[in-house]
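Undergrad: My structure is below; once you've seen it, I'll send some questions.
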Amino acid sequence: MAPPVYDVPQAPPVAVFKLTADFREDSHPQKVNLGVGAYRTDDCQPWVLPVVKKVERLLVEDESLNHEYLPILGLPEFRSSASKVALGDDNPAFKENRVGAVQALGGTGALRIGADFLCRWYNGVNNAATPVYVSAPTWENHNGVFTDAGFKDIRPYHYWDAAKRGLDLTGLLDNLEKAPEHSIFILHACAHNPTGTDPTQEEWKTIAEVMKRRKLFPFFDSAYQGFASGNLEKDAWAIRFFISQGFELFIAQSFSKNFGLYNERVGNLTVVSKDNENLTRVLSQMEKIVRTTWSNPPSQGARIVSKTLNSPELFAEWFDNVKTMADRVLLMRDQLKSKLLALGTPGTWDHITQQIGMFSFTGLNPKQVEYLIKEKHVYLMASGRINMCGLTSKNIDYVSQAIHEAVTKVQ
Amino acid sequence: MTYEAPFPRFLSGSISLTGAMSLFSDVPQAPPVAVFKLTADFREDSHPQKVNLGVGAYRTDDCQPWVLPVVKKVERLLVEDESLNHEYLPILGLPEFRSSASKVALGDDNPAFKENRVGAVQALGGTGALRIGADFLCRWYNGVNNAATPVYVSAPTWENHNGVFTDAGFKDIRPYHYWDAAKRGLDLTGLLDNLEKAPEHSIFILHACAHNPTGTDPTQEEWKTIAEVMKRRKLFPFFDSAYQGFASGNLEKDAWAIRFFISQGFELFIAQSFSKNFGLYNERVGNLTVVSKDNENLTRVLSQMEKIVRTTWSNPPSQGARIVSKTLNSPELFAEWKDNVKTMADRVLLMRDQLKSKLLALGTPGTWDHITQQIGMFSFTGLNPKQVEYLIKEKHVYLMASGRINMCGLTSKNIDYVSQAIHEAVTKVQ
């Protein structure tokens, strides 16, 4: 046989999946997985939203549907309804015909198409040197997506203040002031991953003011709309504010969490441009990028979301399902904090209830995290990030006690 | 409040809050993808006898899309299966899909499976499989980030091959001789010459069967010769397999070339699409099969492909893969599927037969044997651009500028009209 022609090194596994793999192999009866970001019921089970189940049945009975290729940019009624969820039905930008969208493979796919486009066409042609700023810390895949899209200069912007366990606004604004003009900033629309710490409305206003003055490009990552507070409008406030301030911007929307459709890869890259003429040219180039990546997107998830969003009755049912999830998370936040306080665990724990969304940045250090995993079989990310959805009424005492031990025994 | 600058003159009546130019004002309009433009034009045409012989999707004799009966059955089974949820698939995809898909290509009993040197990446249709393979090769093949490795695509080939490999980073994409317009067949001499002269380690995109757009495949003897030269010249085979089963109606026959190459010891990639043979175009069901020298190399390759997938789509969509997997892994459903595939392949063969007969009966100048000799969905008619234009504009018969027609667009109801139209094009237009 011919010799192999490549010297390919083994790549390390993606941390969050490695954690889940280790968790699965662990046979300890009280093991808890607070790693990967997917919703769990109080029985610690995955949850297929009732409205999703209902719509799946409707779709399979619909004889008018077939499996012909979708357009390259995706299912039109999905794209428009998804963008409306982010911007609000009555956003003036719709009347001005300057909002478009690309159906994409989850939030990742939306980020990637946007990144590919920006590297090719933004701030010059193929200007791979345009700085891309991501929050410190941020979702681990942001760096990889923009790097593989071609960008050479990916920089952190101050975000998490470990000492005060909150937003480092001063540092963030300083980064904005000093960033080269036209730099791209990846902003988390709400429920920041991994810190759960969002700017207040006043803070967003300040951020927007500096970004406008410094001509910085806002690229929103919106993976938790509705899931963060239980309220779609509230979770989209920052996006809508930026648009009202006249920014051209991208929004990478994911419906993985708020529809529980993780494995059907339902995402949408919303593009807000100055006017329709520019929008048209932008979308035509995004079509070229999509064509050589996945040709045209998958139908099933988009049909489910589209049918739901476009029916007042199903929409209401969906909203209710989302609130169910958001409420359970809020309950767990409340209970975790209460139990830590009751145990007299050293430190302040307000951040547990102040933080928003699925994740909490506990403030636990790597040694404490290691203790939790190895000694207590409580699995969490090395950063101290926990997924609140992994907590249940059955395990919350065990977890609280485990955290208490980690904090008191390990420094 | 906001600064009201004078409006740039290209803005229409909308109010721009800052008055500045768009960040995208220098972005040029991209031309539409030709095959979709053709279908768009077809849709706008109101002529009662219009025929679309453009885009490559199967049509019934009523010219309708066809959801395979086995697919419909499995979709119902899936929606009733309470054990299924929507949790993320692994990055590389649904394991039972990947293995059953690779088995379809290689054959269940291929020794390579026992040798543990076959792996796969579930991908977004054939395009996604090609892209992940191309991204990987550009990064890790023939050195690290060696974007200069030549990539050879057949002349002609599927229009997206060039784009996929270019966007994966390759700088040197070259044609290899394939279609001989004069003899309306394979230019084997030219092809072999390209193979002999290609730099070592060049990548060759080979169509496993039912070549798109010519419908002309090498014979088994010709494949043997091609393989011999490729092995000697150390060339990398990257198979594009979009029509297995659909081409001849026989899965094994359509995979002969792939299996032969593997038996000859090549390490190779196969980009498989289940769009056509399962009629699952819009669920994006594809599989990148990787055949390596041994399991150790395979493991490292897959680990790097995982990194590439993670920054492209993170993990693949479930629905289509579940349908295919459930079907392939059940003897009863598998048999039903093969039957559905044969239905499609047989209808295409019938249309080929009838088109040729009618052209002969009309006495249309030229030879028309290639219509029945060519394989798969497409036929390279040999019509020139002027004749194509005549067909579209005067007869409302839509086909690609290359003269490629999709046999699936022909039906018992339109075949007389189309034959007559081709006859006119050939006799009236030179």
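Labeling convention for the structure tokens: chains A, B, ... as they appear, residues from 1 per chain, ligands from 1 in order of appearance.
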Using only C-alpha atoms, select each residue of chain B with any atom at most 6 Å away from an atom of chain A, and give the selection as an NGL selection string.

TA: :B and (17 or 22 or 29-30 or 86-89 or 124 or 127-128 or 141-142 or 163-164 or 265 or 280-284 or 300 or 303-304 or 311-313 or 317-318)

Undergrad: At a cut-off of 8 Å, using only C-alpha atoms, what residues contact Val348 (chain B)? Leave out same-chain residues fewer than 6 positions from it and give the result as a list in words.

TA: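 In the requested form, the answer reads Gly376, Met377, Met407 and Cys408 of chain B.
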
Undergrad: Quick one: residues within 8 Å of region 192-201 of chain A, only C-alpha atoms, excluding same-chain residues fewer than 3 positions away - as an MDAnalysis selection string?

TA: chainID A and resid 137:139 160 166:167 188:189 204:205 237:238 354:361 385

Undergrad: Please indicate the distance in Å from CA of Asn33 (chain A) to CA of Gly384 (chain A), rounded to one decimal place.

TA: 13.0 Å

Undergrad: If you run DSSP over the backbone, which residues in region 155-350 of chain A end up alpha helix (DSSP H)? Put them as a PyMOL selection string.

TA: chain A and resi 169-178+201-213+232-235+237-244+276-291+300-309+312-343+350

Undergrad: Looking only at the backbone, which of the residues in region 242-377 of chain B does DSSP tag as strand (DSSP E or B), as a PDB file with N, CA, C and O atoms, in the first residue's frame?

TA:
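To be explicit, this is the file written out as result.pdb:
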```pdb
ATOM      1  N   LEU B 268      -8.231   7.663   0.201  1.00  0.00           N
ATOM      2  CA  LEU B 268      -9.088   8.534  -0.604  1.00  0.00           C
ATOM      3  C   LEU B 268     -10.263   9.070   0.204  1.00  0.00           C
ATOM      4  O   LEU B 268     -10.514   8.623   1.326  1.00  0.00           O
ATOM      5  N   PHE B 269     -10.928  10.074  -0.349  1.00  0.00           N
ATOM      6  CA  PHE B 269     -12.149  10.629   0.227  1.00  0.00           C
ATOM      7  C   PHE B 269     -13.296  10.358  -0.739  1.00  0.00           C
ATOM      8  O   PHE B 269     -13.092  10.327  -1.963  1.00  0.00           O
ATOM      9  N   ILE B 270     -14.502  10.215  -0.176  1.00  0.00           N
ATOM     10  CA  ILE B 270     -15.705  10.105  -0.998  1.00  0.00           C
ATOM     11  C   ILE B 270     -16.732  11.075  -0.432  1.00  0.00           C
ATOM     12  O   ILE B 270     -17.138  10.954   0.731  1.00  0.00           O
ATOM     13  N   ALA B 271     -17.144  12.050  -1.249  1.00  0.00           N
ATOM     14  CA  ALA B 271     -18.215  12.958  -0.843  1.00  0.00           C
ATOM     15  C   ALA B 271     -19.515  12.344  -1.334  1.00  0.00           C
ATOM     16  O   ALA B 271     -19.788  12.331  -2.528  1.00  0.00           O
ATOM     17  N   GLN B 272     -20.305  11.808  -0.396  1.00  0.00           N
ATOM     18  CA  GLN B 272     -21.560  11.165  -0.767  1.00  0.00           C
ATOM     19  C   GLN B 272     -22.730  12.116  -0.553  1.00  0.00           C
ATOM     20  O   GLN B 272     -22.801  12.815   0.457  1.00  0.00           O
ATOM     21  N   SER B 273     -23.654  12.089  -1.506  1.00  0.00           N
ATOM     22  CA  SER B 273     -24.888  12.856  -1.345  1.00  0.00           C
ATOM     23  C   SER B 273     -26.064  11.893  -1.366  1.00  0.00           C
ATOM     24  O   SER B 273     -26.104  10.954  -2.166  1.00  0.00           O
ATOM     25  N   VAL B 285     -28.456  15.856   3.289  1.00  0.00           N
ATOM     26  CA  VAL B 285     -27.915  14.619   3.847  1.00  0.00           C
ATOM     27  C   VAL B 285     -26.697  14.185   3.045  1.00  0.00           C
ATOM     28  O   VAL B 285     -26.803  13.765   1.898  1.00  0.00           O
ATOM     29  N   GLY B 286     -25.542  14.320   3.649  1.00  0.00           N
ATOM     30  CA  GLY B 286     -24.314  13.943   2.977  1.00  0.00           C
ATOM     31  C   GLY B 286     -23.362  13.258   3.938  1.00  0.00           C
ATOM     32  O   GLY B 286     -23.582  13.267   5.159  1.00  0.00           O
ATOM     33  N   ASN B 287     -22.316  12.666   3.385  1.00  0.00           N
ATOM     34  CA  ASN B 287     -21.365  11.920   4.201  1.00  0.00           C
ATOM     35  C   ASN B 287     -20.003  11.965   3.548  1.00  0.00           C
ATOM     36  O   ASN B 287     -19.875  11.634   2.365  1.00  0.00           O
ATOM     37  N   LEU B 288     -19.005  12.421   4.279  1.00  0.00           N
ATOM     38  CA  LEU B 288     -17.635  12.393   3.756  1.00  0.00           C
ATOM     39  C   LEU B 288     -16.983  11.124   4.287  1.00  0.00           C
ATOM     40  O   LEU B 288     -16.651  11.040   5.473  1.00  0.00           O
ATOM     41  N   THR B 289     -16.834  10.129   3.409  1.00  0.00           N
ATOM     42  CA  THR B 289     -16.183   8.895   3.820  1.00  0.00           C
ATOM     43  C   THR B 289     -14.681   9.049   3.625  1.00  0.00           C
ATOM     44  O   THR B 289     -14.217   9.510   2.579  1.00  0.00           O
ATOM     45  N   VAL B 290     -13.937   8.664   4.643  1.00  0.00           N
ATOM     46  CA  VAL B 290     -12.478   8.747   4.629  1.00  0.00           C
ATOM     47  C   VAL B 290     -11.907   7.340   4.705  1.00  0.00           C
ATOM     48  O   VAL B 290     -12.217   6.592   5.641  1.00  0.00           O
ATOM     49  N   VAL B 291     -11.109   6.965   3.704  1.00  0.00           N
ATOM     50  CA  VAL B 291     -10.441   5.667   3.750  1.00  0.00           C
ATOM     51  C   VAL B 291      -8.955   5.942   3.921  1.00  0.00           C
ATOM     52  O   VAL B 291      -8.326   6.607   3.097  1.00  0.00           O
TER      53      VAL B 291
END
```

Undergrad: At a cut-off of 8 Å, using only C-alpha atoms, what residues contact Phe185 (chain A)? Leave out same-chain residues fewer than 2 positions from it and give the result as an MDAnalysis selection string.

TA: chainID A and resid 132:134 183 187 216:219

Undergrad: Of the candidates A:Ala115, A:Cys190, A:Val272, A:Met381, which shows the shortest atom-to-atom distance to Phe227 (chain A), using only C-alpha atoms?

TA: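 Nearest candidate to Phe227 (chain A) out of A:Ala115, A:Cys190, A:Val272, A:Met381: A:Cys190.
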